[in-house]
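Novice: Structure file entry-v3.cif (mmCIF, C-alpha atoms and all ligand atoms) right here:
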data_my_file
#
loop_
_atom_site.label_atom_id
_atom_site.label_comp_id
_atom_site.auth_asym_id
_atom_site.auth_seq_id
_atom_site.Cartn_x
_atom_site.Cartn_y
_atom_site.Cartn_z
CA GLN T 13 -29.60 -0.27 -14.02
CA ASP T 14 -28.94 -3.57 -12.23
CA SER T 15 -26.85 -5.48 -14.73
CA TYR T 16 -23.57 -4.72 -16.51
CA LYS T 17 -21.30 -6.41 -18.99
CA LEU T 18 -18.33 -5.50 -16.78
CA LEU T 19 -18.53 -4.74 -13.08
CA VAL T 20 -15.42 -3.44 -11.30
CA LEU T 21 -15.31 -3.62 -7.52
CA GLY T 22 -13.19 -0.80 -6.06
CA GLY T 23 -12.20 2.44 -7.74
CA GLY T 24 -8.69 2.81 -6.31
CA THR T 25 -5.52 2.49 -8.36
CA ALA T 26 -6.37 -0.84 -9.99
CA GLY T 27 -10.13 -0.40 -10.37
CA SER T 28 -9.83 3.04 -12.01
CA ALA T 29 -7.14 1.80 -14.40
CA VAL T 30 -9.32 -1.14 -15.49
CA ALA T 31 -12.48 0.98 -15.79
CA ASN T 32 -10.67 3.52 -17.95
CA LYS T 33 -9.36 0.75 -20.20
CA PHE T 34 -12.77 -0.81 -20.78
CA ALA T 35 -15.27 2.07 -20.67
CA ALA T 36 -14.23 3.39 -24.07
CA LYS T 37 -14.02 -0.11 -25.55
CA LEU T 38 -17.41 -1.35 -24.31
CA GLY T 39 -19.31 1.92 -24.49
CA ARG T 40 -21.72 3.79 -22.27
CA GLY T 41 -23.88 1.74 -19.90
CA ASN T 42 -21.75 -1.41 -20.07
CA VAL T 43 -19.20 -0.75 -17.33
CA ALA T 44 -19.84 0.12 -13.68
CA VAL T 45 -17.50 0.71 -10.74
CA VAL T 46 -18.58 0.18 -7.13
CA GLU T 47 -16.62 2.61 -4.95
CA PRO T 48 -17.84 4.29 -1.74
CA SER T 49 -15.18 7.00 -1.43
CA LYS T 50 -15.66 10.46 -2.95
CA LYS T 51 -11.88 10.93 -2.90
CA HIS T 52 -9.23 8.97 -4.76
CA TYR T 53 -5.88 8.93 -2.92
CA TYR T 54 -2.46 8.58 -4.51
CA GLN T 55 -1.16 6.67 -1.49
CA ALA T 56 2.48 6.57 -2.61
CA MET T 57 2.60 10.30 -1.92
CA PHE T 58 1.79 9.71 1.75
CA THR T 59 5.49 8.95 2.35
CA LEU T 60 6.52 12.40 1.15
CA ILE T 61 3.66 14.09 3.03
CA GLY T 62 4.74 12.33 6.23
CA GLY T 63 8.27 13.56 5.59
CA GLY T 64 7.12 17.16 5.18
CA LEU T 65 8.12 17.15 1.51
CA LYS T 66 4.66 17.44 -0.12
CA GLU T 67 1.31 18.95 0.85
CA PHE T 68 -1.56 16.61 1.74
CA ASP T 69 -3.88 18.23 -0.80
CA MET T 70 -1.61 17.04 -3.62
CA SER T 71 -2.42 13.40 -2.75
CA HIS T 72 -6.09 13.25 -3.66
CA ARG T 73 -8.56 14.08 -6.40
CA PRO T 74 -12.34 13.63 -6.63
CA THR T 75 -13.29 10.08 -7.60
CA GLU T 76 -15.58 11.44 -10.32
CA ALA T 77 -12.59 13.12 -11.98
CA ILE T 78 -10.69 9.80 -12.11
CA LEU T 79 -13.42 7.41 -13.26
CA PRO T 80 -14.27 7.56 -16.96
CA ARG T 81 -17.42 9.46 -18.00
CA LYS T 82 -18.67 6.44 -19.90
CA CYS T 83 -18.85 4.22 -16.83
CA HIS T 84 -21.45 4.26 -14.09
CA TRP T 85 -20.06 5.08 -10.68
CA ILE T 86 -22.08 3.22 -8.07
CA GLU T 87 -21.32 5.09 -4.88
CA ALA T 88 -21.77 2.23 -2.41
CA ARG T 89 -19.94 -0.54 -0.57
CA VAL T 90 -19.86 -4.16 -1.63
CA ALA T 91 -21.54 -6.31 1.04
CA GLY T 92 -21.18 -9.71 -0.63
CA ILE T 93 -20.15 -11.46 -3.86
CA CYS T 94 -21.92 -14.56 -5.15
CA PRO T 95 -19.88 -15.76 -8.14
CA ASP T 96 -22.16 -18.73 -8.77
CA ASP T 97 -25.01 -16.29 -9.51
CA SER T 98 -22.73 -13.62 -11.06
CA ALA T 99 -24.16 -11.20 -8.50
CA VAL T 100 -22.84 -8.61 -6.09
CA SER T 101 -24.85 -7.26 -3.17
CA LEU T 102 -24.33 -3.75 -1.85
CA THR T 103 -24.71 -2.38 1.67
CA ASN T 104 -27.57 -0.17 0.42
CA GLY T 105 -29.60 -3.31 -0.32
CA ARG T 106 -29.17 -3.33 -4.11
CA THR T 107 -27.98 -6.36 -6.07
CA ILE T 108 -26.00 -5.93 -9.27
CA ASN T 109 -25.46 -8.68 -11.84
CA TYR T 110 -22.49 -8.92 -14.14
CA GLU T 111 -21.22 -10.83 -17.12
CA TYR T 112 -17.58 -10.19 -16.19
CA LEU T 113 -16.18 -9.13 -12.84
CA VAL T 114 -12.90 -7.45 -11.86
CA VAL T 115 -12.18 -7.42 -8.13
CA ALA T 116 -9.92 -4.53 -7.10
CA LEU T 117 -10.84 -3.88 -3.47
CA GLY T 118 -7.33 -3.16 -2.17
CA MET T 119 -6.17 -4.02 1.33
CA GLN T 120 -7.82 -3.37 4.65
CA THR T 121 -5.86 -1.67 7.43
CA ASN T 122 -6.63 -3.09 10.88
CA TYR T 123 -5.49 -0.50 13.41
CA HIS T 124 -7.99 -1.94 15.89
CA LEU T 125 -5.93 -5.13 16.23
CA VAL T 126 -3.25 -3.33 18.27
CA LYS T 127 -4.62 -2.61 21.74
CA GLY T 128 -4.87 1.11 22.47
CA LEU T 129 -3.60 2.16 19.03
CA LEU T 130 -6.73 3.88 17.70
CA ASP T 131 -7.07 5.76 20.97
CA ALA T 132 -3.43 6.85 20.71
CA LEU T 133 -3.82 7.89 17.07
CA GLU T 134 -6.82 10.00 18.02
CA HIS T 135 -5.39 11.59 21.18
CA ASP T 136 -1.58 11.54 21.18
CA PRO T 137 0.15 13.92 18.75
CA ALA T 138 3.30 11.75 18.95
CA VAL T 139 1.55 8.72 17.39
CA CYS T 140 1.12 8.75 13.61
CA SER T 141 0.75 6.51 10.56
CA ASN T 142 1.46 7.13 6.88
CA TYR T 143 -1.02 4.35 6.02
CA HIS T 144 -4.12 6.47 6.66
CA PRO T 145 -5.26 9.76 5.08
CA LYS T 146 -6.03 11.26 8.49
CA TYR T 147 -3.09 9.97 10.49
CA VAL T 148 -0.47 10.68 7.79
CA GLN T 149 -1.13 14.34 8.51
CA LYS T 150 0.23 13.80 12.04
CA THR T 151 3.61 12.42 10.93
CA PHE T 152 5.54 15.57 10.06
CA PRO T 153 4.14 17.56 13.02
CA ALA T 154 5.30 14.66 15.27
CA MET T 155 8.82 14.95 13.80
CA GLN T 156 8.77 18.72 14.30
CA ALA T 157 7.57 18.43 17.91
CA PHE T 158 10.15 15.74 18.76
CA LYS T 159 12.72 16.97 21.29
CA GLU T 160 14.51 13.96 22.74
CA GLY T 161 14.01 10.26 23.49
CA ASN T 162 12.89 7.25 21.45
CA ALA T 163 11.52 7.63 17.93
CA ILE T 164 10.06 4.21 17.14
CA PHE T 165 9.01 2.90 13.70
CA THR T 166 7.13 -0.38 13.34
CA PHE T 167 6.32 -3.04 10.74
CA PRO T 168 3.26 -5.31 11.21
CA ASN T 169 3.18 -9.07 11.58
CA THR T 170 0.93 -9.44 8.49
CA PRO T 171 1.15 -8.95 4.73
CA ILE T 172 1.26 -5.23 3.95
CA LYS T 173 0.99 -2.92 0.95
CA CYS T 174 4.26 -1.26 -0.06
CA ALA T 175 6.47 -3.14 2.37
CA GLY T 176 9.15 -0.45 1.92
CA ALA T 177 6.97 2.37 3.27
CA PRO T 178 7.51 1.64 7.00
CA GLN T 179 11.23 2.13 6.39
CA LYS T 180 10.94 5.21 4.19
CA VAL T 181 9.40 7.18 7.06
CA LEU T 182 12.15 5.90 9.36
CA TYR T 183 14.93 7.23 7.11
CA LEU T 184 13.14 10.53 6.48
CA ALA T 185 12.65 11.12 10.21
CA GLU T 186 16.26 10.22 11.02
CA ASP T 187 17.42 12.61 8.30
CA TYR T 188 15.09 15.35 9.58
CA PHE T 189 16.41 14.98 13.14
CA ARG T 190 19.96 15.23 11.76
CA ARG T 191 19.19 18.33 9.67
CA THR T 192 17.47 20.08 12.58
CA GLY T 193 20.16 19.39 15.19
CA LYS T 194 18.12 16.88 17.23
CA ARG T 195 19.81 13.67 16.14
CA ASP T 196 22.13 13.27 19.12
CA LYS T 197 19.14 13.45 21.47
CA ALA T 198 17.19 10.80 19.54
CA THR T 199 17.30 7.02 19.75
CA VAL T 200 15.88 5.99 16.39
CA MET T 201 14.48 2.46 16.42
CA TYR T 202 13.06 0.14 13.76
CA ASN T 203 11.08 -2.75 15.25
CA THR T 204 10.03 -5.41 12.79
CA PRO T 205 8.63 -8.94 13.21
CA ILE T 206 10.51 -10.25 10.20
CA GLY T 207 14.13 -11.29 10.27
CA VAL T 208 15.41 -9.10 7.41
CA VAL T 209 15.12 -5.43 6.44
CA PHE T 210 14.02 -6.03 2.83
CA GLY T 211 12.94 -9.10 0.87
CA ILE T 212 15.38 -8.71 -2.05
CA LYS T 213 19.01 -9.33 -1.11
CA LYS T 214 20.60 -6.66 -3.31
CA TYR T 215 18.57 -3.82 -1.76
CA ALA T 216 18.58 -5.35 1.74
CA GLN T 217 22.36 -4.93 1.76
CA THR T 218 22.17 -1.17 1.06
CA LEU T 219 19.40 -0.67 3.61
CA HIS T 220 21.30 -2.65 6.21
CA ASP T 221 24.33 -0.41 5.61
CA GLN T 222 22.11 2.67 6.03
CA ILE T 223 20.87 1.33 9.36
CA LEU T 224 24.41 0.68 10.62
CA GLU T 225 25.95 3.92 9.33
CA ARG T 226 23.16 6.05 10.72
CA ASP T 227 23.11 4.35 14.12
CA ILE T 228 19.50 3.17 13.83
CA LYS T 229 18.64 0.54 16.41
CA LEU T 230 17.31 -2.50 14.56
CA ASN T 231 15.10 -4.79 16.65
CA LEU T 232 14.18 -7.84 14.58
CA ARG T 233 11.35 -10.24 15.47
CA ARG T 234 9.46 -7.58 17.50
CA ASN T 235 5.70 -7.11 16.97
CA LEU T 236 3.74 -4.14 18.32
CA VAL T 237 0.85 -5.39 20.50
CA GLU T 238 -0.16 -2.40 22.63
CA VAL T 239 0.16 1.37 22.82
CA LYS T 240 -0.42 3.10 26.18
CA HIS T 241 -0.61 6.72 25.22
CA GLU T 242 -1.16 8.10 28.73
CA THR T 243 2.32 6.89 29.71
CA ARG T 244 3.72 6.99 26.16
CA GLU T 245 4.68 3.31 26.14
CA ALA T 246 4.75 0.87 23.23
CA VAL T 247 4.62 -2.83 24.02
CA PHE T 248 6.16 -5.39 21.63
CA GLU T 249 5.96 -9.16 21.75
CA VAL T 250 9.31 -10.87 21.24
CA LEU T 251 8.45 -13.44 18.62
CA ASP T 252 11.20 -15.94 19.39
CA ALA T 253 10.56 -16.00 23.14
CA GLU T 254 6.97 -17.07 23.75
CA GLY T 255 5.10 -14.91 26.22
CA ARG T 256 7.90 -12.32 26.54
CA THR T 257 7.22 -8.65 25.85
CA GLU T 258 9.41 -5.54 25.79
CA THR T 259 8.12 -2.08 26.62
CA TYR T 260 9.67 1.11 25.27
CA ASN T 261 8.87 4.71 26.06
CA TYR T 262 8.34 6.79 22.95
CA GLU T 263 8.56 10.46 22.02
CA MET T 264 7.43 9.62 18.52
CA LEU T 265 5.76 6.41 17.31
CA HIS T 266 5.05 5.68 13.64
CA VAL T 267 2.89 2.60 13.14
CA ALA T 268 2.51 0.55 9.98
CA PRO T 269 -0.78 -1.20 10.79
CA PRO T 270 -1.69 -4.87 10.54
CA CYS T 271 -3.32 -5.36 7.11
CA SER T 272 -5.49 -8.04 5.53
CA ALA T 273 -7.68 -8.72 2.55
CA PRO T 274 -10.94 -6.73 2.78
CA GLU T 275 -13.40 -8.39 5.14
CA VAL T 276 -15.99 -8.79 2.38
CA LEU T 277 -13.64 -11.30 0.72
CA TRP T 278 -13.07 -13.49 3.76
CA ASP T 279 -14.72 -16.90 3.38
CA ASN T 280 -15.88 -16.05 -0.13
CA PRO T 281 -15.74 -18.69 -2.90
CA LEU T 282 -13.47 -16.27 -4.81
CA SER T 283 -10.81 -16.20 -2.11
CA ASP T 284 -7.97 -18.41 -0.97
CA LYS T 285 -7.50 -19.38 2.68
CA SER T 286 -5.91 -16.04 3.54
CA GLY T 287 -8.86 -14.09 2.08
CA PHE T 288 -7.15 -12.80 -1.07
CA VAL T 289 -8.74 -13.39 -4.48
CA ASP T 290 -7.37 -16.61 -5.92
CA VAL T 291 -6.05 -15.85 -9.41
CA ASN T 292 -3.65 -17.42 -11.86
CA ARG T 293 -0.30 -15.71 -11.24
CA GLU T 294 0.32 -15.11 -14.92
CA THR T 295 -3.10 -14.29 -16.36
CA CYS T 296 -4.86 -12.56 -13.40
CA GLN T 297 -7.89 -14.75 -14.22
CA HIS T 298 -9.65 -16.47 -11.35
CA THR T 299 -8.56 -20.07 -10.86
CA ARG T 300 -12.16 -21.40 -10.97
CA TYR T 301 -14.54 -18.65 -12.20
CA MET T 302 -13.42 -17.86 -15.73
CA ASN T 303 -15.47 -14.62 -15.94
CA VAL T 304 -13.71 -13.18 -12.88
CA PHE T 305 -10.35 -11.40 -12.77
CA SER T 306 -8.48 -9.64 -10.00
CA LEU T 307 -5.41 -7.45 -9.62
CA GLY T 308 -3.74 -5.16 -7.14
CA ASP T 309 -3.56 -5.48 -3.38
CA CYS T 310 -6.63 -7.74 -2.92
CA SER T 311 -5.39 -10.41 -5.33
CA ASN T 312 -3.14 -13.29 -4.27
CA LEU T 313 -0.62 -12.53 -7.03
CA PRO T 314 2.61 -13.51 -5.24
CA THR T 315 4.47 -10.24 -5.61
CA SER T 316 4.97 -7.08 -3.57
CA LYS T 317 1.72 -5.08 -3.34
CA THR T 318 2.39 -1.71 -5.01
CA ALA T 319 0.88 0.66 -7.56
CA ALA T 320 3.92 -0.10 -9.70
CA ALA T 321 2.93 -3.77 -9.71
CA ILE T 322 -0.54 -2.74 -10.90
CA SER T 323 1.08 -0.89 -13.81
CA GLY T 324 2.44 -4.30 -14.85
CA GLN T 325 -0.79 -6.18 -14.15
CA VAL T 326 -3.31 -3.89 -15.80
CA GLY T 327 -2.05 -4.35 -19.35
CA VAL T 328 -2.01 -8.13 -18.99
CA LEU T 329 -5.43 -8.24 -17.38
CA GLY T 330 -6.82 -5.88 -20.02
CA LYS T 331 -5.56 -8.07 -22.84
CA ASN T 332 -6.73 -11.31 -21.21
CA LEU T 333 -10.18 -10.03 -20.25
CA ALA T 334 -10.73 -8.75 -23.80
CA GLN T 335 -9.71 -12.15 -25.18
CA VAL T 336 -12.02 -14.01 -22.78
CA MET T 337 -14.87 -11.65 -23.71
CA SER T 338 -14.42 -12.63 -27.34
CA GLY T 339 -14.31 -16.34 -26.55
CA LYS T 340 -10.54 -16.82 -26.80
CA PRO T 341 -8.15 -18.20 -24.16
CA PRO T 342 -6.06 -15.60 -22.31
CA THR T 343 -2.47 -15.33 -23.58
CA GLY T 344 -1.09 -12.31 -21.67
CA LYS T 345 1.45 -13.19 -18.98
CA TYR T 346 2.36 -11.09 -15.93
CA ASN T 347 5.95 -11.56 -14.77
CA GLY T 348 5.46 -10.32 -11.21
CA TYR T 349 6.99 -6.88 -11.86
CA SER T 350 6.89 -4.61 -8.83
CA SER T 351 8.91 -1.62 -7.75
CA CYS T 352 9.64 0.22 -4.54
CA PRO T 353 11.43 3.56 -4.45
CA VAL T 354 12.91 3.62 -0.93
CA VAL T 355 13.62 7.22 0.09
CA THR T 356 16.77 7.13 2.20
CA LYS T 357 16.86 10.84 3.01
CA LYS T 358 15.52 14.14 1.66
CA GLY T 359 16.45 14.18 -2.04
CA PHE T 360 17.78 10.58 -2.24
CA CYS T 361 16.24 7.24 -3.12
CA ILE T 362 17.13 3.70 -4.06
CA LEU T 363 14.94 2.22 -6.76
CA ALA T 364 14.13 -1.44 -6.14
CA GLU T 365 12.60 -3.20 -9.16
CA PHE T 366 11.96 -6.92 -9.20
CA GLY T 367 9.63 -9.65 -10.42
CA TYR T 368 8.49 -13.10 -9.37
CA ASP T 369 10.83 -15.08 -7.12
CA GLY T 370 12.96 -12.02 -6.40
CA LYS T 371 14.28 -11.70 -9.96
CA LEU T 372 15.83 -8.26 -10.48
CA MET T 373 14.06 -6.27 -13.22
CA GLU T 374 15.91 -2.96 -13.19
CA THR T 375 15.16 -0.30 -15.81
CA PHE T 376 18.39 1.70 -15.73
CA PRO T 377 21.96 0.70 -16.62
CA TYR T 378 23.41 1.94 -13.29
CA ASN T 379 23.29 0.30 -9.86
CA GLN T 380 19.79 1.12 -8.60
CA ALA T 381 20.66 -0.01 -5.06
CA VAL T 382 22.79 3.13 -4.61
CA PRO T 383 20.80 6.07 -3.17
CA ARG T 384 20.58 8.69 -5.96
CA ARG T 385 19.12 12.11 -6.55
CA SER T 386 17.80 11.04 -9.96
CA SER T 387 15.78 8.22 -8.38
CA TYR T 388 14.34 10.69 -5.87
CA LEU T 389 13.33 13.12 -8.61
CA MET T 390 11.56 10.28 -10.33
CA LYS T 391 9.66 9.40 -7.15
CA ALA T 392 8.80 12.98 -6.18
CA LEU T 393 8.19 14.58 -9.57
CA ALA T 394 7.77 12.05 -12.40
CA MET T 395 5.80 9.28 -10.66
CA PRO T 396 2.87 11.47 -9.49
CA GLN T 397 2.43 12.67 -13.09
CA LEU T 398 2.65 9.12 -14.42
CA TYR T 399 0.08 8.04 -11.84
CA TRP T 400 -2.55 10.72 -12.51
CA LEU T 401 -2.09 10.99 -16.27
CA LEU T 402 -1.27 7.44 -17.31
CA LEU T 403 -1.84 4.69 -14.73
CA VAL T 404 -5.32 5.48 -13.43
CA LYS T 405 -6.37 6.90 -16.78
P1 LIG T 501 -6.56 0.83 -3.47
O1 LIG T 501 -5.92 1.85 -4.33
O2 LIG T 501 -6.35 0.91 -2.00
O3 LIG T 501 -8.10 0.80 -3.82
C1 LIG T 501 -9.03 -0.05 -3.23
C2 LIG T 501 -10.39 0.64 -3.36
O4 LIG T 501 -11.41 -0.25 -2.95
C3 LIG T 501 -10.50 1.88 -2.47
O5 LIG T 501 -10.83 3.00 -3.25
C4 LIG T 501 -11.59 1.53 -1.47
O6 LIG T 501 -12.40 2.64 -1.12
C5 LIG T 501 -12.38 0.48 -2.24
N1 LIG T 501 -13.09 -0.45 -1.34
C6 LIG T 501 -12.64 -1.06 -0.23
N2 LIG T 501 -13.59 -1.84 0.29
C7 LIG T 501 -14.67 -1.72 -0.51
C8 LIG T 501 -15.98 -2.30 -0.51
N3 LIG T 501 -16.38 -3.15 0.45
N4 LIG T 501 -16.81 -1.95 -1.52
C9 LIG T 501 -16.42 -1.11 -2.52
N5 LIG T 501 -15.23 -0.55 -2.56
C10 LIG T 501 -14.36 -0.84 -1.56
N6 LIG T 501 3.05 1.86 -4.37
C11 LIG T 501 4.03 2.14 -5.26
O7 LIG T 501 4.00 1.68 -6.38
N7 LIG T 501 5.08 2.94 -4.93
C12 LIG T 501 5.18 3.52 -3.71
O8 LIG T 501 6.13 4.25 -3.45
C13 LIG T 501 4.14 3.26 -2.76
N8 LIG T 501 4.20 3.82 -1.54
C14 LIG T 501 3.17 3.63 -0.67
C15 LIG T 501 3.21 4.25 0.57
C16 LIG T 501 2.17 4.12 1.47
C17 LIG T 501 2.25 4.80 2.80
C18 LIG T 501 1.04 3.32 1.13
C19 LIG T 501 -0.12 3.19 2.08
C20 LIG T 501 1.00 2.67 -0.10
C21 LIG T 501 2.05 2.81 -1.00
N9 LIG T 501 2.06 2.16 -2.23
C22 LIG T 501 3.07 2.41 -3.14
C23 LIG T 501 1.08 1.08 -2.51
C24 LIG T 501 -0.06 1.49 -3.42
O9 LIG T 501 -0.67 2.66 -2.97
C25 LIG T 501 -1.08 0.35 -3.46
O10 LIG T 501 -0.42 -0.86 -3.76
C26 LIG T 501 -2.15 0.60 -4.51
O11 LIG T 501 -2.83 1.79 -4.26
C27 LIG T 501 -3.12 -0.57 -4.53
O12 LIG T 501 -4.16 -0.31 -5.43
P2 LIG T 501 -5.54 -1.12 -5.29
O13 LIG T 501 -6.42 -0.60 -6.36
O14 LIG T 501 -5.26 -2.56 -5.19
O15 LIG T 501 -6.09 -0.67 -3.87
#
Go ahead and express the file in the form of structure tokens.
Specialist:
Amino acid sequence: QDSYKLLVLGGGTAGSAVANKFAAKLGRGNVAVVEPSKKHYYQAMFTLIGGGLKEFDMSHRPTEAILPRKCHWIEARVAGICPDDSAVSLTNGRTINYEYLVVALGMQTNYHLVKGLLDALEHDPAVCSNYHPKYVQKTFPAMQAFKEGNAIFTFPNTPIKCAGAPQKVLYLAEDYFRRTGKRDKATVMYNTPIGVVFGIKKYAQTLHDQILERDIKLNLRRNLVEVKHETREAVFEVLDAEGRTETYNYEMLHVAPPCSAPEVLWDNPLSDKSGFVDVNRETCQHTRYMNVFSLGDCSNLPTSKTAAAISGQVGVLGKNLAQVMSGKPPTGKYNGYSSCPVVTKKGFCILAEFGYDGKLMETFPYNQAVPRRSSYLMKALAMPQLYWLLLVK
């Protein structure tokens, strides 16, 4: 079959949620999802896996178990999108036409942009990354093997999914070193190109206090540019002093990679200048192609890129797409809701919840900026269940 009423590109968090919403509504043969991966990852769990608090096998399920039976799973990669012809080309040479399109291709991680990093990730057990299914499995062993020296945690000089995640691993490692008697031999460092620790003031204050109280060295405006794994050195450019770099030896290095929109979206009529799909920030409908919608990490919705944000977007998109399909204008409005549970140590979490323009949108009547056991239990126990049973279903 080469033509569908609804074609969904990407079967990750957002794509599966949309496919599940529409497959039952539109019936067999009308919805297809293009997704190359046989495994669906619950990426939010990577933080806990990296911290040695969950097993890797709990983070993934077969894609075929997530996508609805009534949709066609096209196991291929998107090679190009031509919205003027309502057509999508695949890397296997096929072309698929659509009446309506939902773009949910996520974000691309670009480890190759840091010189020597891929080599280090492949060959140095001390270099790890919670942003990748393979390299997340190196994080806890790197903490366990750590004896003394610098433990360095980085943030990239690009947009990133779950901007809190590079800090969660920092706090979990610091806590682990403390619990295992290694803390006084460790210099724990957080090197970030931005000038603040968190985008929302209320939570930034708590996190800043954590950094001070726990003697974490905060190096602002530092961007990782090279890893030399033979000599265990990490090179950072100092962003406010052109041409200057600083080199640190490491005993453990956790890298949050540079990220971007997926390459297939660059220079596409659907995308804005930065490569993300250009949608209306309230309706999730494309700004020019009315039969195209987008959500999740690959959209240019101006909020923090998280699965929690998708939980807010998918209902609005579902309502609006159904209205557009029946010839009505879209009336659903997304308020920018996103959430980030920042684990501050084993068993404790702050629960950041906010919407557009940094507006706080907290669920509970207590101060969510205080690290709490209840917030941790929600992250570690309730959220995985909500993800597998409700969000992607
Ligand atoms: P994805 O789920 O990444 O899906 C994109 C899909 O598109 C993938 O399946 C991919 O295979 C497919 N794809 C890519 N290119 C192509 C192509 N050319 N053709 C076809 N298919 C393609 N969120 C939270 O809410 N809370 C958290 O605590 C949290 N913690 C996180 C911690 C880490 C370490 C990471 C990495 C992420 C975390 N997130 C968290 C973010 C969350 O996982 C993402 O925001 C969410 O998964 C985005 O969903 P998506 O559908 O947009 O992209």
Novice: Produce as a PyMOL selection string the set of residues near ligand LIG 501 (chain T), where near means within 6 Å with all atoms listed in the file considered.
Specialist: chain T and resi 21-27+46-49+55-56+58-59+89-90+116-119+142-143+173-174+177+276+308-310+317-320+352-353
Novice: Would you kindly return, as a VMD selection string, each protein, DNA or RNA residue with an atom no farther than 12 Å from any atom of T:Val139, considering all atoms listed in the file and excluding same-chain residues fewer than 2 positions away?
Specialist: chain T and resid 128 to 137 141 to 142 146 to 155 157 to 158 163 to 166 239 to 242 244 to 246 262 to 268
Novice: Stretch 138-149 of chain T, all listed atoms, 5 Å padding on each side: what axis-aligned box centre and edge lengths in Å to one decimal come out, as JSON?
Specialist:
{"center_x": -1.4, "center_y": 9.3, "center_z": 12.0, "size_x": 19.3, "size_y": 20.0, "size_z": 23.9}
Novice: Tell me, in Å to one decimal, how far atom CA of T:Val336 is from atom CA of T:Val45.
Specialist: 19.8 Å
Novice: To one decimal place, how far is atom CA of T:Val328 from atom CA of T:Ser28 in Å?
Specialist: 15.3 Å
Novice: Neighbouring residues of T:Ala392 were defined as those with any atom within 12 Å, considering only C-alpha atoms; residues of the same chain fewer than 5 positions away were excluded. Please report them as a list in words.
Specialist: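 Those residues are Ala56, Met57, Phe58, Thr59, Leu60, Ile61, Gly63, Leu65, Lys66, Glu67, Met70, Ser71, Pro353, Val354, Val355, Lys358, Gly359, Phe360, Cys361, Arg385, Ser386, Ser387, Gln397, Leu398 and Tyr399 of chain T.
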Novice: I need the residues from that last selection saved to file as a short mmCIF file (atom, residue, chain, number, x, y, z; two decimals), in the frame of the given file (with C-alpha atoms), if you can.
Specialist:
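Printed below is result.cif as written:
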data_model
loop_
_atom_site.label_atom_id
_atom_site.label_comp_id
_atom_site.auth_asym_id
_atom_site.auth_seq_id
_atom_site.Cartn_x
_atom_site.Cartn_y
_atom_site.Cartn_z
CA ALA T 56 2.48 6.57 -2.61
CA MET T 57 2.60 10.30 -1.92
CA PHE T 58 1.79 9.71 1.75
CA THR T 59 5.49 8.95 2.35
CA LEU T 60 6.52 12.40 1.15
CA ILE T 61 3.66 14.09 3.03
CA GLY T 63 8.27 13.56 5.59
CA LEU T 65 8.12 17.15 1.51
CA LYS T 66 4.66 17.44 -0.12
CA GLU T 67 1.31 18.95 0.85
CA MET T 70 -1.61 17.04 -3.62
CA SER T 71 -2.42 13.40 -2.75
CA PRO T 353 11.43 3.56 -4.45
CA VAL T 354 12.91 3.62 -0.93
CA VAL T 355 13.62 7.22 0.09
CA LYS T 358 15.52 14.14 1.66
CA GLY T 359 16.45 14.18 -2.04
CA PHE T 360 17.78 10.58 -2.24
CA CYS T 361 16.24 7.24 -3.12
CA ARG T 385 19.12 12.11 -6.55
CA SER T 386 17.80 11.04 -9.96
CA SER T 387 15.78 8.22 -8.38
CA GLN T 397 2.43 12.67 -13.09
CA LEU T 398 2.65 9.12 -14.42
CA TYR T 399 0.08 8.04 -11.84
#
Novice: Pick out the residues sitting within 12 Å of stretch 278-288 of chain T, and hand them over as number ranges by chain; count only C-alpha atoms, and ignore anything fewer than 4 positions along from it in its own chain.
Specialist: T: 91-98, 100, 113-120, 170-171, 271-274, 292, 297-314, 317
